[in-house]
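Student: Can you keep this structure in mind? I'll have questions shortly.
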Number of protein chains: 2
Amino acid sequence: MGVKEMTISDIAKLAGVAKSTVSRYLNGGSVSEETKRKIENVIINTGYIPNTFAQSLKAKRTNIIGTVIPRLDSYAAAKTLIGIDEELRALNCQMLISNTSQDLDRELESIYGFARQKVAGIILMATQITDAHLEAFKKIQIPVILVGQLHHEIYSLIHQDYESGYEMGKYVLLKGHRNIAFLGVTEKDIAVGVRRKEGFKKALEEVVDCNVRFHETSFSMMEALKQATLIIEKYKPSIIVCATDNIALGVLKAASLKGLRIPEDLSITGFGGYDVTEVIHPGLTTIKYFYKDAGQVAARNIVKLVNGEDVNKVTHSKFKLIERESVDNRIVNIL
Amino acid sequence: MGVKEMTISDIAKLAGVAKSTVSRYLNGGSVSEETKRKIENVIINTGYIPNTFAQSLKAKRTNIIGTVIPRLDSYAAAKTLIGIDEELRALNCQMLISNTSQDLDRELESIYGFARQKVAGIILMATQITDAHLEAFKKIQIPVILVGQLHHEIYSLIHQDYESGYEMGKYVLLKGHRNIAFLGVTEKDIAVGVRRKEGFKKALEEVVDCNVRFHETSFSMMEALKQATLIIEKYKPSIIVCATDNIALGVLKAASLKGLRIPEDLSITGFGGYDVTEVIHPGLTTIKYFYKDAGQVAARNIVKLVNGEDVNKVTHSKFKLIERESVDNRIVNIL
DNA sequence: CTGAAAGCGCTTACAG
DNA sequence: CTGAAAGCGCTTACAG
């Protein structure tokens with residue numbers, strides 16, 4: 001009804017008790033049945049809502065977990081966020097999201113901002129960890145968990161980039177491909193740019209007479225489309241292995257525009273396991289990461305850390321190769 | 001440094017001034033150059049960060065805008081959120097996100113939760129507005145803006161669903177299609193389920209001898225895939241007009257699985273303008289809504305409302321038909 | 001320009 | 001079970 005905000009004093013007065021009694025009622029302290037009823041009534045009638053700021057000011061601690069993400073419109077980020085949100089809700093914590101639009105400075109700002117808001121813990125979906133990050137973590141004195149990247153000084157939740165890269169390499173070889181292009185991303189991104197590639201490379205080393213070229217592009221579909229066009233024209237690989245599904249989507253388009261049949265004329269694979277890879281035609285063979293699971297684990301871990309419990313320094317999230325129609329079996333063709 | 005949290009009193013003591021002077025320094029009040037320097041020094045050395053709760057407790061008002069969204073992993077939601085976030089940041093406000101996973105109860109909870117946190121305003125991406133919503137809005141006494149749905153009692157930012165539906169209808173007719181299937185969603189969703197369909201229907205009414213059937217599905221790709229398979233088998237339409245791009249993606253897959261060529265054997269259109277519709281092959285003809293713009297406008301409007309400024313009860317966001325390769329021109333074929 | 005004091009709305013020992 | 005009082009960290013008139 002409140003033209004005016006109700007305070008705990010108002011409630012106390014209306015119920016004919018002391019403020020402390022109302023507070024006790026609110027926080028589940030011991031209150032007699034009769035008092036309880038009186039207070040309850042007043043609260044319902046007034047629609048009283050306690051002031052969170054005053055509460056937190058006293059309690060000296062919030063149940064808010066801050067999450068810093070590089071982008072809002074990425075499949076990986078969205079799914080991870082969903083996992084975090086779900087788990088945090090179950091654990092009775094709140095999630096605060098800060099989107100940095102892939103701007104490193106804003107990432108730092110967000111971290112300090114969260115500290116100012118006295119969040120209990122921070123989950124960071126980082127692409128790179130700089131010295132400035134390390135300094136920030138030290139300064140704020142708040143538990144932090146990294147998702148998607150590894151750093152020995154910080155708690156991390158990582159995807160098995162190396163291992164999945166290796167598995168993809170093995171798979172591609174098994175299918176008989178020997179003229180291979182790998183379309184990756186900047187090495188500044190250790191997980192995607194380095195580990196994923198290194199795992200793949202490792203698998204290929206185990207075979208002779210295999211021709212592989214490594215190219216670099218950005219995370220954008222359009223850029224991948226352009227790059228792929230060049231690669232196809234110049235090197236005519238039998239397969240382009242893409243470091244993300246998004247890149248694979250760009251390559252797919254490039255191939256279609258050139259009139260190439262997939263997988264007969266060109267095979268393509270991705271990493272990620274985005275929903276859309278299943279619904280396009282032909283379906284994209286890719287590595288599926290379990291982003292939502294990862295988010296849930298990250299949430300559980302950060303809450304443990306906040307509560308002073310023990311957590312492994314690094315937790316691995318699983319992955320799975322999903323075989324669909326975008327890779328040609330060259331072995332069969334040879335027979 | 002702080003093993004212990006610094007407070008404004010500590011800073012005052014260390015700088016040899018009064019708390020109020022420090023506060024004034026912090027808030028840009030008048031402080032002499034010398035005092036300024038002293039305080040500045042102490043703050044830098046201690047890494048002092050003001051307590052937001054105490055600040056808000058006094059100020060009686062936050063600069064936080066709460067945003068309620070039905071899902072995190074939807075193109076429309078993500079883009080809208082990006083627009084809101086960007087604009088809010090520019091306006092010096094903070095964005096708080098609450099994801100409801102398409103659960104109406106959680107939508108209500110979120111609204112009350114935001115009220116408890118004393119957000120200055122709320123942006124709601126709703127799918128339906130119930131009486132419980134209306135009651136909540138009345139109770140909380142906080143400015144609210146609806147995005148994507150219209151309600152005469154509330155400020156709204158809407159997409160031109162009817163108009164774009166109409167334009168799509170005209171386009172489909174122009175291309176010579178006369179055996180049409182429309183694959184829509186529940187009418188509980190007024191914008192997408194009703195208005196978009198009604199606009200489309202209206203366009204078709206203006207022509208005779210046109211055969212159109214309306215079907216209903218969910219927002220899920222997989223469900224659309226199943227439905228489309230049935231529709232194709234039973235009615236053999238020359239085109240399936242889908243109420244969202246997501247649905248269109250499912251239909252596209254269904255067609256591919258049946259070996260139909262697009263657009264020769266079956267034409268398909270969507271609504272939304274998701275990035276992926278451009279990169280798939282053939283490209284999907286669709287209506288593009290400007291979600292990010294809409295988010296920005298919503299953000300601007302909610303801030304105006306918070307500041308007591310005037311805002312139109314309903315604001316329309318624009319749209320654009322994007323013609324790509326998924327629609328066959330039947331007129332040419334006839335000739 | 002500067003400081004002492006009151007107060008924001010709540011919680012938490014401490015008595016009773 | 002209940003209440004009076006102190007205090008969380010800040011801001012804001014009000015004097016000076």
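Residue numbers start at 1 in each chain; chains themselves are named A, B, ... in the order of the structure tokens; ligands are numbered from 1 in the order shown.
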Could you produce a table of the residues of stretch 46-84 of chain B lying within 10 Å of stretch 4-16 of chain C, with the nearest pair of atoms per residue and their separation in Å rounded to one decimal, using only C-alpha atoms (C1' of nucleotides), ordered by chain and increasing residue number, as CSV?

Tutor:
```
residue,atom,partner,partner_atom,distance
B:Ala54,CA,C:DC8,C1',8.3
B:Gln55,CA,C:DC8,C1',9.2
B:Ser56,CA,C:DC8,C1',8.8
B:Leu57,CA,C:DC8,C1',5.4
B:Lys58,CA,C:DC8,C1',4.6
B:Ala59,CA,C:DC8,C1',7.9
B:Lys60,CA,C:DC8,C1',7.6
```

Student: Those selected residues, please, written with N, CA and C atoms and delivered as a tab-separated table (two decimals), in the first residue's frame.

Tutor:
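Full text of again.tsv as output:
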```
chain	number	residue	atom	x	y	z
B	54	ALA	N	26.35	0.68	3.10
B	54	ALA	CA	26.20	1.87	3.93
B	54	ALA	C	25.81	3.06	3.07
B	55	GLN	N	26.44	3.14	1.90
B	55	GLN	CA	26.10	4.24	1.01
B	55	GLN	C	24.63	4.21	0.62
B	56	SER	N	24.20	3.03	0.16
B	56	SER	CA	22.82	2.92	-0.30
B	56	SER	C	21.83	3.10	0.84
B	57	LEU	N	22.25	2.68	2.01
B	57	LEU	CA	21.36	2.80	3.16
B	57	LEU	C	21.03	4.27	3.41
B	58	LYS	N	22.03	5.08	3.31
B	58	LYS	CA	21.80	6.52	3.47
B	58	LYS	C	21.09	7.11	2.26
B	59	ALA	N	21.67	6.88	1.11
B	59	ALA	CA	21.17	7.49	-0.11
B	59	ALA	C	19.72	7.08	-0.40
B	60	LYS	N	19.27	5.95	0.16
B	60	LYS	CA	17.86	5.54	0.04
B	60	LYS	C	17.48	5.21	-1.40
```

Student: Give me the chain D side of the contact with chain A, cut-off 7 Å, one line per residue showing its nearest atom pair and distance in Å at one decimal, counting only C-alpha atoms (C1' of nucleotides), sorted by chain and residue number, as CSV.

Tutor:
```
residue,atom,partner,partner_atom,distance
D:DC1,C1',A:Val31,CA,6.0
D:DT2,C1',A:Thr21,CA,6.9
D:DG3,C1',A:Ala18,CA,6.0
D:DC8,C1',A:Lys58,CA,4.6
```

Student: Go ahead and save the picked residues with all heavy atoms, as a tab-separated table (two decimals), in the first residue's frame.

Tutor:
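To be explicit, this is the file written out as again_12.tsv:
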```
chain	number	residue	atom	x	y	z
D	1	DC	P	10.83	-19.08	23.36
D	1	DC	OP1	9.85	-19.81	22.65
D	1	DC	OP2	12.10	-18.62	22.86
D	1	DC	O5'	10.15	-18.00	24.25
D	1	DC	C5'	8.76	-17.69	24.08
D	1	DC	C4'	8.56	-16.35	24.71
D	1	DC	O4'	9.57	-16.16	25.72
D	1	DC	C3'	8.69	-15.18	23.75
D	1	DC	O3'	7.68	-14.20	24.09
D	1	DC	C2'	10.10	-14.65	24.01
D	1	DC	C1'	10.27	-14.94	25.49
D	1	DC	N1	11.69	-15.15	25.88
D	1	DC	C2	12.29	-14.21	26.73
D	1	DC	O2	11.64	-13.24	27.13
D	1	DC	N3	13.60	-14.38	27.08
D	1	DC	C4	14.27	-15.45	26.65
D	1	DC	N4	15.55	-15.59	27.03
D	1	DC	C5	13.67	-16.43	25.79
D	1	DC	C6	12.39	-16.24	25.44
D	2	DT	P	7.45	-12.94	23.16
D	2	DT	OP1	6.05	-12.49	23.35
D	2	DT	OP2	7.99	-13.24	21.83
D	2	DT	O5'	8.39	-11.88	23.85
D	2	DT	C5'	7.91	-11.16	25.00
D	2	DT	C4'	8.90	-10.11	25.36
D	2	DT	O4'	10.19	-10.72	25.62
D	2	DT	C3'	9.14	-9.06	24.27
D	2	DT	O3'	8.68	-7.82	24.78
D	2	DT	C2'	10.68	-9.04	24.08
D	2	DT	C1'	11.18	-9.79	25.30
D	2	DT	N1	12.44	-10.56	25.13
D	2	DT	C2	13.53	-10.16	25.84
D	2	DT	O2	13.54	-9.22	26.59
D	2	DT	N3	14.65	-10.94	25.64
D	2	DT	C4	14.76	-12.06	24.83
D	2	DT	O4	15.79	-12.68	24.74
D	2	DT	C5	13.56	-12.41	24.10
D	2	DT	C7	13.56	-13.59	23.19
D	2	DT	C6	12.46	-11.65	24.28
D	3	DG	P	8.58	-6.53	23.79
D	3	DG	OP1	7.32	-5.84	24.08
D	3	DG	OP2	8.91	-6.97	22.41
D	3	DG	O5'	9.77	-5.66	24.37
D	3	DG	C5'	9.82	-5.44	25.77
D	3	DG	C4'	11.09	-4.69	26.11
D	3	DG	O4'	12.22	-5.60	26.03
D	3	DG	C3'	11.40	-3.52	25.18
D	3	DG	O3'	11.86	-2.45	25.98
D	3	DG	C2'	12.53	-4.06	24.30
D	3	DG	C1'	13.23	-5.02	25.23
D	3	DG	N9	13.90	-6.14	24.58
D	3	DG	C8	13.40	-6.97	23.61
D	3	DG	N7	14.22	-7.91	23.24
D	3	DG	C5	15.35	-7.70	24.02
D	3	DG	C6	16.59	-8.40	24.06
D	3	DG	O6	16.91	-9.38	23.40
D	3	DG	N1	17.47	-7.84	24.98
D	3	DG	C2	17.19	-6.75	25.76
D	3	DG	N2	18.16	-6.36	26.58
D	3	DG	N3	16.04	-6.08	25.74
D	3	DG	C4	15.17	-6.61	24.84
D	8	DC	P	30.78	-0.34	14.93
D	8	DC	OP1	32.03	-0.89	15.49
D	8	DC	OP2	30.62	1.11	14.80
D	8	DC	O5'	30.54	-0.99	13.51
D	8	DC	C5'	30.17	-2.35	13.36
D	8	DC	C4'	29.39	-2.48	12.09
D	8	DC	O4'	28.01	-2.19	12.38
D	8	DC	C3'	29.81	-1.46	11.04
D	8	DC	O3'	30.78	-2.06	10.18
D	8	DC	C2'	28.51	-1.17	10.28
D	8	DC	C1'	27.40	-1.62	11.24
D	8	DC	N1	26.51	-0.55	11.75
D	8	DC	C2	25.14	-0.64	11.50
D	8	DC	O2	24.70	-1.58	10.84
D	8	DC	N3	24.32	0.33	11.99
D	8	DC	C4	24.83	1.35	12.71
D	8	DC	N4	23.98	2.27	13.17
D	8	DC	C5	26.22	1.44	12.96
D	8	DC	C6	27.02	0.48	12.47
```

Student: Find the residues of chain B in contact range of chain A, meaning any atom within 6 Å when counting only C-alpha atoms, and list them as a list in words.

Tutor: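 Listing them in order of chain and number gives Thr52, Phe53, Leu57, Leu72, Asp73, Ala78, Gln117, Lys253 and Val279 of chain B.
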
Student: Between atom CA of A:Gly272 and atom CA of A:Met168, what is the distance in Å, rounded to a tenth?

Tutor: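 That distance, rounded to one decimal, is 12.0 Å.
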
Student: Using the chain letters and numbers from this document, which residues of stretch 184-321 of chain A does DSSP assign to strand (DSSP E), as a PyMOL selection string?

Tutor: chain A and resi 184+211-216+239-242+267-272+285-289+314-317+319-321

Student: Go ahead and write the residues just picked, C-alpha atoms, as a JSON list (two decimals), in the first residue's frame.

Tutor:
```json
[["chain", "number", "residue", "atom", "x", "y", "z"],
["A", 184, "GLY", "CA", 42.61, -22.02, -34.81],
["A", 211, "ASN", "CA", 50.33, -32.91, -44.40],
["A", 212, "VAL", "CA", 48.90, -30.41, -41.92],
["A", 213, "ARG", "CA", 48.83, -26.62, -41.94],
["A", 214, "PHE", "CA", 47.86, -24.41, -39.03],
["A", 215, "HIS", "CA", 46.01, -21.19, -39.67],
["A", 216, "GLU", "CA", 44.71, -18.54, -37.32],
["A", 239, "ILE", "CA", 39.38, -31.45, -44.19],
["A", 240, "ILE", "CA", 39.35, -28.24, -42.18],
["A", 241, "VAL", "CA", 39.44, -28.80, -38.43],
["A", 242, "CYS", "CA", 38.05, -25.70, -36.71],
["A", 267, "SER", "CA", 35.16, -32.36, -44.51],
["A", 268, "ILE", "CA", 34.70, -30.02, -41.56],
["A", 269, "THR", "CA", 34.80, -30.43, -37.78],
["A", 270, "GLY", "CA", 34.30, -28.14, -34.83],
["A", 271, "PHE", "CA", 34.72, -27.93, -31.08],
["A", 272, "GLY", "CA", 32.01, -26.96, -28.65],
["A", 285, "THR", "CA", 31.05, -33.61, -36.26],
["A", 286, "THR", "CA", 32.36, -31.89, -33.16],
["A", 287, "ILE", "CA", 33.63, -32.17, -29.62],
["A", 288, "LYS", "CA", 30.91, -31.53, -27.11],
["A", 289, "TYR", "CA", 31.88, -29.77, -23.90],
["A", 314, "VAL", "CA", 41.85, -27.64, -10.66],
["A", 315, "THR", "CA", 38.74, -29.51, -11.71],
["A", 316, "HIS", "CA", 38.31, -31.04, -15.14],
["A", 317, "SER", "CA", 35.07, -31.00, -17.04],
["A", 319, "PHE", "CA", 33.91, -33.88, -23.19],
["A", 320, "LYS", "CA", 32.67, -36.18, -25.91],
["A", 321, "LEU", "CA", 33.31, -36.53, -29.61]]
```

Student: List every residue of stretch 89-219 of chain B that DSSP, applied to the backbone, labels as helix (DSSP H, G or I), and write the result as a PyMOL selection string.

Tutor: chain B and resi 89-90+104-116+131-140+161-174+190-205

Student: Do a neighbour search on A:Tyr166 at 6 Å with only C-alpha atoms (C1' of nucleotides), toss out local chain neighbours closer than 6 positions, and write the hits as a PyMOL selection string.

Tutor: chain A and resi 199-200+203

Student: With only C-alpha atoms as the atoms that count, which of B:Met6, B:Cys210, B:Ala181, B:Ala243 lies nearest to B:Asp161?

Tutor: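 Looking at the shortest contact to B:Asp161, the residue is B:Ala243.
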
Student: Mind pulling up the distance from atom CA of A:Arg330 to atom CA of A:Val194?

Tutor: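 Going from atom CA of A:Val194 over to atom CA of A:Arg330 covers 27.9 Å.
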
Student: Which of these residues is nearest to A:Val172, using only C-alpha atoms: A:Ile232, A:Ile331, A:Val297, A:Ala12?

Tutor: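 For A:Val172, the nearest of the candidates is A:Ile331.
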